[in-house]
Amino acid sequence: MTGISTILKEMKANPKGIRFNELKKVCEHYFGKPRQSGSSHCVYKTPWPGDPRVNIQNKKGKAKPYQVKQVLLAVEKIEVQHD
């Protein structure tokens, strides 16, 4: 199994090369179980006000690069809040 920190490094280095299951693993680590899943989308609740969701989508086993970048920003925001 690939660790979260390794996946995060891969996400930063190559957002286009991330598998959906890797992105989902990172999201579940930081945000918990998805509020919605079962379709091609998984929606995660985030701990800040505003539009509190992270939405990722499975595209033939791959994650969409713009969604990888959104998850990276959300993870960074969480890490800043916990420092």
# chains A, B, ... in the order shown; residues from 1 in each chain; ligands from 1
>>> select_by_dssp(residues="chain A", states="helix (DSSP H, G or I)", output="JSON, numbers by chain")
{"A": [4, 5, 6, 7, 8, 9, 10, 11, 12, 13, 15, 16, 17, 20, 21, 22, 23, 24, 25, 26, 27, 28, 29, 30, 31, 65, 66, 67, 68, 69, 70, 71, 72, 73, 74, 75, 76, 77, 78, 79, 80, 81]}
>>> write_last_selection(atoms="C-alpha atoms", output="mmCIF file, in the first residue's frame")
data_model
loop_
_atom_site.group_PDB
_atom_site.id
_atom_site.type_symbol
_atom_site.label_atom_id
_atom_site.label_comp_id
_atom_site.auth_asym_id
_atom_site.auth_seq_id
_atom_site.Cartn_x
_atom_site.Cartn_y
_atom_site.Cartn_z
ATOM 1 C CA ILE A 4 -0.407 9.179 2.149
ATOM 2 C CA SER A 5 2.810 11.240 2.100
ATOM 3 C CA THR A 6 4.042 9.365 -0.979
ATOM 4 C CA ILE A 7 0.747 9.932 -2.794
ATOM 5 C CA LEU A 8 0.840 13.640 -1.889
ATOM 6 C CA LYS A 9 4.333 13.930 -3.388
ATOM 7 C CA GLU A 10 3.119 12.214 -6.559
ATOM 8 C CA MET A 11 0.087 14.534 -6.686
ATOM 9 C CA LYS A 12 2.329 17.612 -6.497
ATOM 10 C CA ALA A 13 4.799 16.284 -9.062
ATOM 11 C CA PRO A 15 -1.424 15.800 -11.098
ATOM 12 C CA LYS A 16 -2.242 14.095 -14.409
ATOM 13 C CA GLY A 17 -0.819 10.734 -13.339
ATOM 14 C CA PHE A 20 -8.707 7.807 -8.634
ATOM 15 C CA ASN A 21 -8.224 5.271 -5.821
ATOM 16 C CA GLU A 22 -5.072 7.100 -4.668
ATOM 17 C CA LEU A 23 -6.900 10.424 -4.577
ATOM 18 C CA LYS A 24 -9.802 8.816 -2.731
ATOM 19 C CA LYS A 25 -7.389 7.392 -0.145
ATOM 20 C CA VAL A 26 -5.947 10.877 0.494
ATOM 21 C CA CYS A 27 -9.431 12.404 0.748
ATOM 22 C CA GLU A 28 -10.617 9.775 3.231
ATOM 23 C CA HIS A 29 -7.479 10.296 5.320
ATOM 24 C CA TYR A 30 -8.056 14.062 5.594
ATOM 25 C CA PHE A 31 -11.853 14.413 5.286
ATOM 26 C CA PRO A 65 -5.982 16.846 -12.743
ATOM 27 C CA TYR A 66 -7.948 19.943 -11.694
ATOM 28 C CA GLN A 67 -9.566 17.939 -8.897
ATOM 29 C CA VAL A 68 -6.137 16.685 -7.760
ATOM 30 C CA LYS A 69 -5.055 20.346 -7.490
ATOM 31 C CA GLN A 70 -8.218 21.228 -5.535
ATOM 32 C CA VAL A 71 -7.546 18.395 -3.085
ATOM 33 C CA LEU A 72 -3.950 19.581 -2.655
ATOM 34 C CA LEU A 73 -5.198 23.081 -1.791
ATOM 35 C CA ALA A 74 -7.734 21.685 0.688
ATOM 36 C CA VAL A 75 -5.096 19.455 2.336
ATOM 37 C CA GLU A 76 -2.738 22.432 2.595
ATOM 38 C CA LYS A 77 -5.497 24.494 4.218
ATOM 39 C CA ILE A 78 -6.143 21.731 6.783
ATOM 40 C CA GLU A 79 -2.441 21.377 7.586
ATOM 41 C CA VAL A 80 -2.090 25.150 8.090
ATOM 42 C CA GLN A 81 -5.074 25.166 10.466
#
>>> select_by_dssp(residues="chain A", states="strand (DSSP E or B)", output="list in words")
Arg19, Gln36, His41, Cys42, Val43, Tyr44, Lys45, Arg53, Val54, Asn55, Ile56, Gln57, Asn58, Lys59, Lys62 and Ala63 of chain A
>>> atom_distance(atom1="atom CA of A:His82", atom2="atom CA of A:Asn55")
22.2 Å
>>> atom_distance(atom1="atom CA of A:Ile56", atom2="atom CA of A:Val43")
6.5 Å
>>> atom_distance(atom1="atom CA of A:Cys42", atom2="atom CA of A:Asn58")
8.4 Å
>>> closest_residue(among="A:Lys45, A:Gly3, A:Pro34, A:Arg19", to="A:Lys64", atoms="only C-alpha atoms")
A:Arg19
